[in-house]
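Engineer: Input file: structure23.pdb. Contents: PDB, C-alpha atoms.
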ATOM      1  CA  MET A   1       0.342  -0.712  -3.959
ATOM      2  CA  THR A   2       2.040  -2.403  -1.063
ATOM      3  CA  ALA A   3       3.243  -5.795  -2.060
ATOM      4  CA  ARG A   4       3.207  -7.846   1.066
ATOM      5  CA  VAL A   5       2.122  -7.733   4.687
ATOM      6  CA  LEU A   6       3.698  -9.956   7.285
ATOM      7  CA  VAL A   7       1.508 -10.755  10.288
ATOM      8  CA  GLY A   8       2.895 -12.414  13.375
ATOM      9  CA  VAL A   9       0.539 -14.709  15.258
ATOM     10  CA  LYS A  10       1.171 -16.359  18.600
ATOM     11  CA  ARG A  11      -0.383 -19.463  20.063
ATOM     12  CA  VAL A  12      -1.203 -18.830  23.694
ATOM     13  CA  ILE A  13      -3.325 -20.423  26.406
ATOM     14  CA  ASP A  14      -6.921 -19.437  25.714
ATOM     15  CA  TYR A  15      -7.990 -16.237  27.426
ATOM     16  CA  ALA A  16     -10.897 -17.955  29.196
ATOM     17  CA  VAL A  17      -8.747 -20.667  30.794
ATOM     18  CA  LYS A  18      -7.806 -20.380  34.460
ATOM     19  CA  ILE A  19      -3.994 -20.385  34.511
ATOM     20  CA  ARG A  20      -2.312 -22.764  36.920
ATOM     21  CA  VAL A  21       1.325 -22.527  37.994
ATOM     22  CA  LYS A  22       3.397 -25.716  37.986
ATOM     23  CA  PRO A  23       4.055 -27.003  41.532
ATOM     24  CA  ASP A  24       7.832 -26.532  41.092
ATOM     25  CA  ASN A  25       7.362 -22.843  40.117
ATOM     26  CA  THR A  26       9.192 -23.184  36.803
ATOM     27  CA  GLY A  27       6.281 -22.077  34.646
ATOM     28  CA  VAL A  28       2.573 -22.579  33.993
ATOM     29  CA  VAL A  29       0.730 -25.783  33.145
ATOM     30  CA  THR A  30       0.265 -26.024  29.374
ATOM     31  CA  ASP A  31      -0.422 -29.745  28.872
ATOM     32  CA  GLY A  32      -4.029 -30.531  28.058
ATOM     33  CA  VAL A  33      -4.966 -26.848  28.256
ATOM     34  CA  LYS A  34      -6.990 -25.179  25.528
ATOM     35  CA  HIS A  35      -4.870 -22.914  23.349
ATOM     36  CA  SER A  36      -5.933 -20.328  20.811
ATOM     37  CA  MET A  37      -4.613 -17.342  18.915
ATOM     38  CA  ASN A  38      -3.553 -14.379  21.026
ATOM     39  CA  PRO A  39      -6.477 -11.875  20.889
ATOM     40  CA  PHE A  40      -4.204  -9.004  19.848
ATOM     41  CA  CYS A  41      -2.801 -11.135  17.014
ATOM     42  CA  GLU A  42      -6.369 -11.725  15.831
ATOM     43  CA  ILE A  43      -6.770  -7.963  15.592
ATOM     44  CA  ALA A  44      -3.516  -7.743  13.620
ATOM     45  CA  VAL A  45      -4.652 -10.450  11.178
ATOM     46  CA  GLU A  46      -8.040  -8.776  10.751
ATOM     47  CA  GLU A  47      -6.386  -5.446   9.940
ATOM     48  CA  ALA A  48      -4.119  -7.048   7.329
ATOM     49  CA  VAL A  49      -7.048  -8.889   5.750
ATOM     50  CA  ARG A  50      -9.099  -5.690   5.637
ATOM     51  CA  LEU A  51      -6.226  -3.919   3.847
ATOM     52  CA  LYS A  52      -6.219  -6.751   1.356
ATOM     53  CA  GLU A  53      -9.976  -6.532   0.875
ATOM     54  CA  LYS A  54      -9.573  -2.819   0.163
ATOM     55  CA  LYS A  55      -6.973  -3.833  -2.454
ATOM     56  CA  LEU A  56      -4.279  -1.834  -0.691
ATOM     57  CA  VAL A  57      -2.022  -4.832  -0.305
ATOM     58  CA  GLN A  58      -1.396  -7.836  -2.496
ATOM     59  CA  GLU A  59      -0.638 -10.607  -0.091
ATOM     60  CA  VAL A  60      -1.007 -11.367   3.603
ATOM     61  CA  VAL A  61       1.496 -13.808   5.091
ATOM     62  CA  ALA A  62       0.905 -15.208   8.576
ATOM     63  CA  VAL A  63       3.989 -16.236  10.571
ATOM     64  CA  SER A  64       4.222 -18.170  13.791
ATOM     65  CA  CYS A  65       7.150 -19.618  15.736
ATOM     66  CA  GLY A  66       6.818 -22.721  17.858
ATOM     67  CA  PRO A  67       6.202 -26.471  17.835
ATOM     68  CA  GLN A  68       3.945 -28.410  15.467
ATOM     69  CA  GLN A  69       0.763 -27.165  17.191
ATOM     70  CA  VAL A  70       1.241 -23.549  16.091
ATOM     71  CA  GLN A  71       0.147 -24.691  12.643
ATOM     72  CA  GLU A  72      -3.403 -24.649  14.043
ATOM     73  CA  THR A  73      -2.936 -20.988  14.901
ATOM     74  CA  ILE A  74      -1.592 -20.264  11.423
ATOM     75  CA  ARG A  75      -4.586 -22.177  10.044
ATOM     76  CA  THR A  76      -6.901 -19.878  11.988
ATOM     77  CA  ALA A  77      -5.158 -16.863  10.453
ATOM     78  CA  LEU A  78      -5.552 -18.418   7.001
ATOM     79  CA  ALA A  79      -9.249 -19.024   7.721
ATOM     80  CA  MET A  80      -9.608 -15.350   8.614
ATOM     81  CA  GLY A  81      -8.248 -14.459   5.183
ATOM     82  CA  ALA A  82      -4.442 -14.594   5.151
ATOM     83  CA  ASP A  83      -3.040 -15.987   1.880
ATOM     84  CA  ARG A  84      -0.292 -18.262   3.112
ATOM     85  CA  GLY A  85       1.538 -19.194   6.248
ATOM     86  CA  ILE A  86       5.107 -19.632   7.415
ATOM     87  CA  HIS A  87       5.765 -21.956  10.300
ATOM     88  CA  VAL A  88       9.152 -21.423  11.895
ATOM     89  CA  GLU A  89       9.740 -24.593  13.808
ATOM     90  CA  VAL A  90      11.036 -24.070  17.308
ATOM     91  CA  SER A  91      10.604 -26.889  19.794
ATOM     92  CA  GLY A  92      11.896 -28.350  23.021
ATOM     93  CA  LYS A  93      14.375 -26.270  24.966
ATOM     94  CA  ASP A  94      14.507 -23.496  22.387
ATOM     95  CA  TYR A  95      10.723 -23.089  22.636
ATOM     96  CA  ASP A  96      10.851 -22.863  26.426
ATOM     97  CA  SER A  97      13.334 -19.992  26.240
ATOM     98  CA  LEU A  98      11.755 -18.384  23.160
ATOM     99  CA  GLY A  99      11.332 -14.699  23.895
ATOM    100  CA  PRO A 100      10.552 -11.458  22.093
ATOM    101  CA  LEU A 101      14.192 -10.974  21.006
ATOM    102  CA  GLN A 102      14.404 -14.347  19.228
ATOM    103  CA  VAL A 103      10.984 -13.894  17.625
ATOM    104  CA  SER A 104      11.815 -10.396  16.427
ATOM    105  CA  LYS A 105      15.080 -11.671  14.910
ATOM    106  CA  ILE A 106      13.085 -14.311  13.044
ATOM    107  CA  LEU A 107      10.488 -11.751  11.931
ATOM    108  CA  ALA A 108      13.182  -9.320  10.791
ATOM    109  CA  ALA A 109      14.913 -12.037   8.773
ATOM    110  CA  LEU A 110      11.600 -13.106   7.236
ATOM    111  CA  ALA A 111      10.623  -9.531   6.404
ATOM    112  CA  LYS A 112      13.827  -9.175   4.399
ATOM    113  CA  LYS A 113      13.447 -12.574   2.762
ATOM    114  CA  GLU A 114       9.808 -12.000   1.807
ATOM    115  CA  GLU A 115      10.386  -8.350   0.908
ATOM    116  CA  ALA A 116       7.507  -7.262   3.106
ATOM    117  CA  SER A 117       6.703  -3.594   3.270
ATOM    118  CA  LEU A 118       4.453  -3.770   6.301
ATOM    119  CA  ILE A 119       4.574  -5.887   9.430
ATOM    120  CA  ILE A 120       1.488  -5.975  11.624
ATOM    121  CA  LEU A 121       1.741  -7.563  15.057
ATOM    122  CA  GLY A 122      -0.375  -7.656  18.173
ATOM    123  CA  LYS A 123       0.847  -5.150  20.729
ATOM    124  CA  GLN A 124       1.460  -7.897  23.260
ATOM    125  CA  ALA A 125       0.648 -11.503  24.017
ATOM    126  CA  ILE A 126      -1.685 -12.378  26.850
ATOM    127  CA  ASP A 127       0.675 -15.045  28.216
ATOM    128  CA  ASP A 128       4.007 -13.275  28.814
ATOM    129  CA  ASP A 129       2.661  -9.695  28.420
ATOM    130  CA  CYS A 130       6.046  -8.631  27.079
ATOM    131  CA  ASN A 131       4.966  -5.901  24.639
ATOM    132  CA  GLN A 132       8.404  -5.904  23.011
ATOM    133  CA  THR A 133       8.321  -7.917  19.803
ATOM    134  CA  GLY A 134       7.060  -5.121  17.546
ATOM    135  CA  GLN A 135       9.479  -2.581  18.946
ATOM    136  CA  MET A 136      12.437  -4.940  18.683
ATOM    137  CA  THR A 137      11.554  -5.988  15.147
ATOM    138  CA  ALA A 138      11.420  -2.349  14.063
ATOM    139  CA  ALA A 139      14.765  -1.706  15.733
ATOM    140  CA  LEU A 140      16.448  -4.720  14.135
ATOM    141  CA  LEU A 141      15.184  -3.746  10.689
ATOM    142  CA  ASP A 142      15.776  -0.034  11.318
ATOM    143  CA  TRP A 143      12.187   0.634  10.215
ATOM    144  CA  PRO A 144       9.817   3.187  11.746
ATOM    145  CA  GLN A 145       7.232   1.844  14.174
ATOM    146  CA  GLY A 146       3.620   2.667  14.950
ATOM    147  CA  THR A 147       2.793   0.959  18.217
ATOM    148  CA  PHE A 148      -0.604   0.663  19.964
ATOM    149  CA  ALA A 149      -2.444   1.469  16.754
ATOM    150  CA  SER A 150      -6.151   2.168  16.995
ATOM    151  CA  GLU A 151      -6.360   3.279  13.373
ATOM    152  CA  LEU A 152      -4.229   2.487  10.337
ATOM    153  CA  VAL A 153      -4.477   4.218   6.969
ATOM    154  CA  ILE A 154      -2.182   3.675   4.013
ATOM    155  CA  GLU A 155      -1.546   6.902   2.075
ATOM    156  CA  GLY A 156       0.687   6.159  -0.892
ATOM    157  CA  ASP A 157       4.094   5.189   0.448
ATOM    158  CA  LYS A 158       3.238   6.552   3.860
ATOM    159  CA  VAL A 159       1.197   5.125   6.709
ATOM    160  CA  LYS A 160      -0.944   7.152   9.058
ATOM    161  CA  VAL A 161      -1.237   5.545  12.471
ATOM    162  CA  VAL A 162      -3.415   6.749  15.316
ATOM    163  CA  ARG A 163      -1.800   5.596  18.539
ATOM    164  CA  GLU A 164      -3.374   5.041  21.924
ATOM    165  CA  ILE A 165      -1.273   6.894  24.454
ATOM    166  CA  ASP A 166      -1.853   7.884  28.079
ATOM    167  CA  GLY A 167      -4.831  10.194  28.229
ATOM    168  CA  GLY A 168      -5.499  10.480  24.517
ATOM    169  CA  LEU A 169      -4.571   9.700  20.942
ATOM    170  CA  GLU A 170      -1.512  10.532  18.900
ATOM    171  CA  THR A 171      -1.549  10.634  15.101
ATOM    172  CA  ILE A 172       1.716   9.952  13.320
ATOM    173  CA  LYS A 173       2.766   9.554   9.717
ATOM    174  CA  LEU A 174       5.441   7.012   8.879
ATOM    175  CA  ASN A 175       7.383   6.055   5.786
ATOM    176  CA  MET A 176       7.005   2.516   4.511
ATOM    177  CA  PRO A 177       8.290  -0.045   5.213
ATOM    178  CA  VAL A 178       6.924   0.052   8.726
ATOM    179  CA  VAL A 179       6.100  -2.076  11.771
ATOM    180  CA  VAL A 180       2.649  -1.559  13.285
ATOM    181  CA  THR A 181       1.369  -3.137  16.499
ATOM    182  CA  ALA A 182      -2.361  -3.450  17.038
ATOM    183  CA  ASP A 183      -4.208  -2.189  20.088
ATOM    184  CA  LEU A 184      -7.590  -3.490  21.250
ATOM    185  CA  ARG A 185      -9.737  -0.894  19.487
ATOM    186  CA  LEU A 186      -8.148  -1.175  16.043
ATOM    187  CA  ASN A 187     -10.961  -3.366  14.687
ATOM    188  CA  THR A 188     -13.335  -6.201  15.499
ATOM    189  CA  PRO A 189     -11.793  -9.467  14.329
ATOM    190  CA  ARG A 190     -13.996 -11.896  12.427
ATOM    191  CA  TYR A 191     -14.629 -15.415  13.630
ATOM    192  CA  ALA A 192     -12.785 -18.239  11.872
ATOM    193  CA  THR A 193     -15.823 -20.307  10.870
ATOM    194  CA  LEU A 194     -15.757 -24.013  10.110
ATOM    195  CA  PRO A 195     -16.212 -23.624   6.322
ATOM    196  CA  ASN A 196     -13.331 -21.127   6.240
ATOM    197  CA  ILE A 197     -11.118 -23.395   8.346
ATOM    198  CA  MET A 198     -11.830 -26.159   5.808
ATOM    199  CA  LYS A 199     -11.016 -23.890   2.892
ATOM    200  CA  ALA A 200      -7.843 -22.771   4.661
ATOM    201  CA  LYS A 201      -6.572 -26.345   4.580
ATOM    202  CA  LYS A 202      -5.858 -25.821   0.882
ATOM    203  CA  LYS A 203      -3.623 -22.831   1.591
ATOM    204  CA  LYS A 204       0.092 -23.443   1.909
ATOM    205  CA  ILE A 205       2.118 -23.309   5.100
ATOM    206  CA  ALA A 206       5.868 -23.201   4.477
ATOM    207  CA  ASN A 207       8.005 -24.897   7.097
ATOM    208  CA  MET A 208      11.423 -23.626   8.104
ATOM    209  CA  LYS A 209      13.866 -23.596  10.978
ATOM    210  CA  PRO A 210      15.486 -20.580  12.651
ATOM    211  CA  GLY A 211      18.811 -21.889  11.312
ATOM    212  CA  ASP A 212      17.545 -21.497   7.726
ATOM    213  CA  LEU A 213      17.151 -17.793   8.460
ATOM    214  CA  GLY A 214      20.498 -17.539  10.191
ATOM    215  CA  VAL A 215      18.950 -16.686  13.538
ATOM    216  CA  ASP A 216      20.726 -17.473  16.792
ATOM    217  CA  MET A 217      18.189 -18.781  19.298
ATOM    218  CA  THR A 218      20.186 -18.465  22.507
ATOM    219  CA  SER A 219      18.327 -16.538  25.154
ATOM    220  CA  ARG A 220      19.915 -14.200  27.640
ATOM    221  CA  VAL A 221      16.902 -14.214  29.889
ATOM    222  CA  GLU A 222      16.635 -16.687  32.723
ATOM    223  CA  VAL A 223      13.312 -17.314  34.447
ATOM    224  CA  LEU A 224      14.019 -17.653  38.160
ATOM    225  CA  ARG A 225      10.546 -18.616  39.327
ATOM    226  CA  VAL A 226       6.896 -18.215  38.469
ATOM    227  CA  ASP A 227       4.373 -17.534  41.227
ATOM    228  CA  GLU A 228       0.620 -17.188  41.375
ATOM    229  CA  PRO A 229      -0.672 -13.724  42.251
ATOM    230  CA  PRO A 230      -1.330 -13.338  45.987
ATOM    231  CA  GLN A 231      -4.759 -14.536  47.088
ATOM    232  CA  ARG A 232      -7.173 -11.930  48.333
ATOM    233  CA  GLN A 233      -7.490 -12.048  52.120
ATOM    234  CA  ALA A 234     -10.912 -12.922  53.498
ATOM    235  CA  GLY A 235     -12.853  -9.993  54.982
ATOM    236  CA  VAL A 236     -14.470  -9.775  58.411
ATOM    237  CA  LYS A 237     -18.011  -8.798  59.358
ATOM    238  CA  VAL A 238     -18.458  -6.213  62.080
ATOM    239  CA  GLU A 239     -21.499  -5.924  64.322
ATOM    240  CA  SER A 240     -21.556  -2.225  65.082
ATOM    241  CA  VAL A 241     -19.972   1.110  64.318
ATOM    242  CA  GLU A 242     -17.790   0.847  67.425
ATOM    243  CA  ASP A 243     -16.573  -2.510  66.227
ATOM    244  CA  LEU A 244     -15.766  -1.075  62.832
ATOM    245  CA  VAL A 245     -13.839   1.825  64.301
ATOM    246  CA  SER A 246     -11.833  -0.400  66.613
ATOM    247  CA  LYS A 247     -11.045  -2.823  63.788
ATOM    248  CA  LEU A 248      -9.912   0.028  61.555
ATOM    249  CA  LYS A 249      -7.731   1.336  64.380
ATOM    250  CA  GLU A 250      -6.284  -2.134  64.823
ATOM    251  CA  ALA A 251      -5.448  -2.272  61.128
ATOM    252  CA  GLY A 252      -3.871   1.171  61.402
ATOM    253  CA  ARG A 253      -6.207   2.708  58.818
ATOM    254  CA  ILE A 254      -7.336   5.599  61.039
TER     255      ILE A 254
ATOM    256  CA  MET B   1     -36.946 -39.569  -0.924
ATOM    257  CA  THR B   2     -34.316 -37.297   0.540
ATOM    258  CA  ASN B   3     -35.043 -33.646   0.866
ATOM    259  CA  PRO B   4     -32.883 -31.385  -1.361
ATOM    260  CA  LEU B   5     -32.288 -29.130   1.646
ATOM    261  CA  ARG B   6     -30.844 -32.016   3.669
ATOM    262  CA  GLY B   7     -27.245 -31.070   2.875
ATOM    263  CA  GLU B   8     -27.817 -27.506   3.898
ATOM    264  CA  VAL B   9     -29.352 -28.509   7.216
ATOM    265  CA  ILE B  10     -26.453 -30.858   7.971
ATOM    266  CA  ARG B  11     -23.969 -28.121   7.111
ATOM    267  CA  LEU B  12     -25.773 -25.745   9.449
ATOM    268  CA  TYR B  13     -25.683 -28.346  12.203
ATOM    269  CA  LYS B  14     -21.949 -28.889  11.711
ATOM    270  CA  ASN B  15     -21.191 -25.175  11.743
ATOM    271  CA  LEU B  16     -23.169 -24.702  14.932
ATOM    272  CA  LEU B  17     -21.518 -27.716  16.521
ATOM    273  CA  TYR B  18     -18.120 -26.204  15.730
ATOM    274  CA  LEU B  19     -19.130 -22.866  17.233
ATOM    275  CA  GLY B  20     -20.347 -24.669  20.342
ATOM    276  CA  ARG B  21     -16.773 -25.586  21.213
ATOM    277  CA  ASP B  22     -16.253 -22.049  22.507
ATOM    278  CA  TYR B  23     -19.587 -21.792  24.326
ATOM    279  CA  PRO B  24     -19.113 -20.282  27.808
ATOM    280  CA  LYS B  25     -21.286 -22.931  29.491
ATOM    281  CA  GLY B  26     -19.372 -25.757  27.842
ATOM    282  CA  THR B  27     -19.457 -27.834  24.688
ATOM    283  CA  VAL B  28     -21.663 -30.546  26.186
ATOM    284  CA  TYR B  29     -24.301 -28.072  27.353
ATOM    285  CA  PHE B  30     -24.409 -26.502  23.903
ATOM    286  CA  ARG B  31     -24.452 -29.791  22.002
ATOM    287  CA  GLU B  32     -27.390 -31.160  23.973
ATOM    288  CA  ARG B  33     -29.485 -28.077  23.328
ATOM    289  CA  LEU B  34     -28.452 -27.931  19.696
ATOM    290  CA  LYS B  35     -29.530 -31.501  19.171
ATOM    291  CA  THR B  36     -32.857 -30.963  20.915
ATOM    292  CA  ALA B  37     -33.521 -27.902  18.786
ATOM    293  CA  PHE B  38     -32.860 -29.794  15.565
ATOM    294  CA  MET B  39     -34.747 -32.922  16.622
ATOM    295  CA  LYS B  40     -37.774 -30.838  17.529
ATOM    296  CA  ASN B  41     -38.156 -29.977  13.841
ATOM    297  CA  ARG B  42     -37.223 -33.347  12.415
ATOM    298  CA  ASP B  43     -40.674 -33.914  10.911
ATOM    299  CA  VAL B  44     -40.795 -30.626   9.019
ATOM    300  CA  THR B  45     -40.958 -31.390   5.297
ATOM    301  CA  ASP B  46     -42.258 -28.155   3.797
ATOM    302  CA  PRO B  47     -39.247 -26.588   1.970
ATOM    303  CA  GLU B  48     -40.409 -23.104   2.836
ATOM    304  CA  LYS B  49     -40.544 -23.925   6.534
ATOM    305  CA  ILE B  50     -37.137 -25.613   6.390
ATOM    306  CA  ARG B  51     -35.704 -22.564   4.674
ATOM    307  CA  LYS B  52     -37.085 -20.376   7.470
ATOM    308  CA  LEU B  53     -35.564 -22.639  10.125
ATOM    309  CA  VAL B  54     -32.183 -22.641   8.359
ATOM    310  CA  ASP B  55     -32.298 -18.838   8.232
ATOM    311  CA  ARG B  56     -32.970 -18.862  11.943
ATOM    312  CA  GLY B  57     -29.925 -21.081  12.415
ATOM    313  CA  GLU B  58     -27.790 -18.667  10.395
ATOM    314  CA  PHE B  59     -29.039 -15.887  12.639
ATOM    315  CA  VAL B  60     -28.001 -17.863  15.727
ATOM    316  CA  ILE B  61     -24.516 -18.252  14.204
ATOM    317  CA  LYS B  62     -24.248 -14.479  13.840
ATOM    318  CA  GLU B  63     -25.413 -13.991  17.416
ATOM    319  CA  LEU B  64     -22.916 -16.512  18.757
ATOM    320  CA  GLU B  65     -20.043 -14.873  16.880
ATOM    321  CA  ALA B  66     -21.054 -11.516  18.325
ATOM    322  CA  LEU B  67     -21.311 -13.044  21.805
ATOM    323  CA  TYR B  68     -17.832 -14.554  21.604
ATOM    324  CA  PHE B  69     -16.327 -11.341  20.307
ATOM    325  CA  LEU B  70     -17.878  -9.252  23.063
ATOM    326  CA  ARG B  71     -16.871 -11.724  25.749
ATOM    327  CA  LYS B  72     -13.273 -11.650  24.588
ATOM    328  CA  TYR B  73     -13.253  -7.873  24.140
ATOM    329  CA  ARG B  74     -14.627  -7.324  27.640
ATOM    330  CA  ALA B  75     -12.120  -9.738  29.163
ATOM    331  CA  MET B  76      -9.246  -7.945  27.424
ATOM    332  CA  LYS B  77     -10.554  -4.535  28.405
ATOM    333  CA  LYS B  78     -10.937  -5.560  32.016
ATOM    334  CA  ARG B  79      -7.433  -7.016  32.131
ATOM    335  CA  TYR B  80      -5.460  -4.355  30.315
ATOM    336  CA  TYR B  81      -7.268  -1.043  30.488
ATOM    337  CA  ASP B  82      -8.286   1.310  33.286
ATOM    338  CA  PRO B  83     -11.732   0.548  34.674
ATOM    339  CA  GLU B  84     -12.965   4.136  34.294
ATOM    340  CA  HIS B  85     -12.543   4.192  30.502
TER     341      HIS B  85
END
Rewrite the structure of this file - the entire thing - as structure tokens.
Structural biologist:
Amino acid sequence: MTARVLVGVKRVIDYAVKIRVKPDNTGVVTDGVKHSMNPFCEIAVEEAVRLKEKKLVQEVVAVSCGPQQVQETIRTALAMGADRGIHVEVSGKDYDSLGPLQVSKILAALAKKEEASLIILGKQAIDDDCNQTGQMTAALLDWPQGTFASELVIEGDKVKVVREIDGGLETIKLNMPVVVTADLRLNTPRYATLPNIMKAKKKKIANMKPGDLGVDMTSRVEVLRVDEPPQRQAGVKVESVEDLVSKLKEAGRI
Amino acid sequence: MTNPLRGEVIRLYKNLLYLGRDYPKGTVYFRERLKTAFMKNRDVTDPEKIRKLVDRGEFVIKELEALYFLRKYRAMKKRYYDPEH
């Protein structure tokens, strides 16, 4: 039986919120904006909890890096069924430059510390769309990786992962310990209901700093500017076929 | 005399109120309708009838959870996957 599953969860701007870019183009507006757990992380948590319910794993540990508010996200994971949480406190400047490399270093250090034999992450976050954390974590730990999983089966000390690839599915078998990243069709995550959120308040969230894990937080990535996607140009109405043809000719389409 | 089902009804109301925070049309819209729905049945005293109404509330919770899941799933699918799939 697998001892422990580590699940990474990220607090992102809620998927339903209209994103606004800061006027000085340094980033997006996050103050006073509704945040929630990254949808792909929800899928990762659900998968870990299901493994626990099938008695294939002993413990599910939810990890998140960020300021005080990420505890809410960890709480949501605990309400969905994770056993305990780890909050790696990163705030201020370090949080602004926090990227997949730093997070994967933290996750790798935690995986060793907690002696996890399985790490489940979302394939990407809906805010930076990096799709790198799982891959980097596997590389840093020198563990095999099953990315874009749409099915996950534990078979003894091996894991069977069905991956979503261009134009089809790929089934691979990996030796534990392993890093798996969840794709959209892996499962249907449950809703963190109010009673479960209340019950989750009794579960423990350990607090630590990247320094405690010996992780260097300097980033080598510099954000030059952030822009909104180009606005769609307004269309024109044409009166007749001739008009249409001439307009198309004008636009160089025919 | 307080009804023994009072606690259960209040719990149901709280759970629904919490779910309403994610309602697509807004928390206020949901809360108003939720309150109206509960106030409409304020004079019901028959335990059997209350039980039926609570069950209906539980059903609404299930429906809302399904609605939120589908909404999120569709949004993700639209954003990240080819439209023809």
Engineer: As a check of understanding, name the residues that the ChimeraX specification (/A :<7) & /B selects in the supplied structure, as a PDB file with C-alpha atoms, keeping the file's coordinate frame.
Structural biologist:
ATOM      1  CA  ASN B  15     -21.191 -25.175  11.743  1.00  0.00           C
ATOM      2  CA  TYR B  18     -18.120 -26.204  15.730  1.00  0.00           C
ATOM      3  CA  GLU B  65     -20.043 -14.873  16.880  1.00  0.00           C
TER       4      GLU B  65
END
Engineer: Name the residues that the PyMOL selection byres ((chain A and resi 216-230) around 7) picks from the file above, as a list in words, using the file's chain letters and numbers.
Structural biologist: Val21, Asn25, Thr26, Gly27, Asp94, Ser97, Gln102, Gly214, Val215, Gln231 and Arg232 of chain A
Engineer: Counting all atoms listed in the file, what is within 12 Å of Ile61 (chain B), bar same-chain residues fewer than 5 positions away, as a list in words?
Structural biologist: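 My list of contacting residues is Tyr191, Ala192, Thr193 and Leu194 of chain A; Leu12, Tyr13, Lys14, Asn15, Leu16, Leu17, Tyr18, Leu19, Gly20, Tyr23, Leu34, Val54, Asp55, Arg56, Ala66, Leu67 and Tyr68 of chain B.
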Engineer: I'd like to see the residues matched by the PyMOL selection byres ((chain A and resi 152-156) around 9) on this file, and ideally I'd get them as a PyMOL selection string.
Structural biologist: chain A and resi 1-2+47+51+56+149-151+157-162+180+186
Engineer: What separation in Å, quoted to one decimal, exists between CA of Val60 (chain A) and CA of Ala206 (chain A)?
Structural biologist: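 Atom-to-atom, CA of Val60 (chain A) to CA of Ala206 (chain A), that is 13.7 Å.
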Engineer: Taking only C-alpha atoms into account, which of A:Leu213, A:Leu98, A:Met198, A:Leu118 comes nearest Leu174 (chain A)?
Structural biologist: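 Checking each of A:Leu213, A:Leu98, A:Met198, A:Leu118 against Leu174 (chain A), counting only C-alpha atoms, the winner is A:Leu118.
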Engineer: Could you write region 53-64 of chain A as a tab-separated table (two decimals), keeping the file's coordinate frame, with N, CA and C atoms rebuilt where they are missing?
Structural biologist:
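And here is the file that came out, selection-v3.tsv:
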chain	number	residue	atom	x	y	z
A	53	GLU	N	-8.63	-6.65	1.45
A	53	GLU	CA	-9.98	-6.53	0.88
A	53	GLU	C	-10.19	-5.16	0.23
A	54	LYS	N	-9.48	-4.16	0.77
A	54	LYS	CA	-9.57	-2.82	0.16
A	54	LYS	C	-8.60	-2.69	-1.00
A	55	LYS	N	-7.94	-3.76	-1.35
A	55	LYS	CA	-6.97	-3.83	-2.45
A	55	LYS	C	-5.79	-2.90	-2.25
A	56	LEU	N	-5.44	-2.67	-0.98
A	56	LEU	CA	-4.28	-1.83	-0.69
A	56	LEU	C	-3.01	-2.66	-0.56
A	57	VAL	N	-3.17	-3.93	-0.34
A	57	VAL	CA	-2.02	-4.83	-0.30
A	57	VAL	C	-2.32	-6.06	-1.17
A	58	GLN	N	-1.22	-6.72	-1.59
A	58	GLN	CA	-1.40	-7.84	-2.50
A	58	GLN	C	-1.52	-9.17	-1.76
A	59	GLU	N	-0.69	-9.30	-0.73
A	59	GLU	CA	-0.64	-10.61	-0.09
A	59	GLU	C	-0.45	-10.48	1.41
A	60	VAL	N	-1.13	-11.34	2.15
A	60	VAL	CA	-1.01	-11.37	3.60
A	60	VAL	C	-0.36	-12.69	4.00
A	61	VAL	N	0.78	-12.60	4.68
A	61	VAL	CA	1.50	-13.81	5.09
A	61	VAL	C	1.48	-13.89	6.61
A	62	ALA	N	0.97	-15.01	7.12
A	62	ALA	CA	0.90	-15.21	8.58
A	62	ALA	C	2.10	-16.04	9.04
A	63	VAL	N	2.79	-15.56	10.06
A	63	VAL	CA	3.99	-16.24	10.57
A	63	VAL	C	3.78	-16.62	12.03
A	64	SER	N	4.22	-17.81	12.38
A	64	SER	CA	4.22	-18.17	13.79
A	64	SER	C	5.45	-19.02	14.11
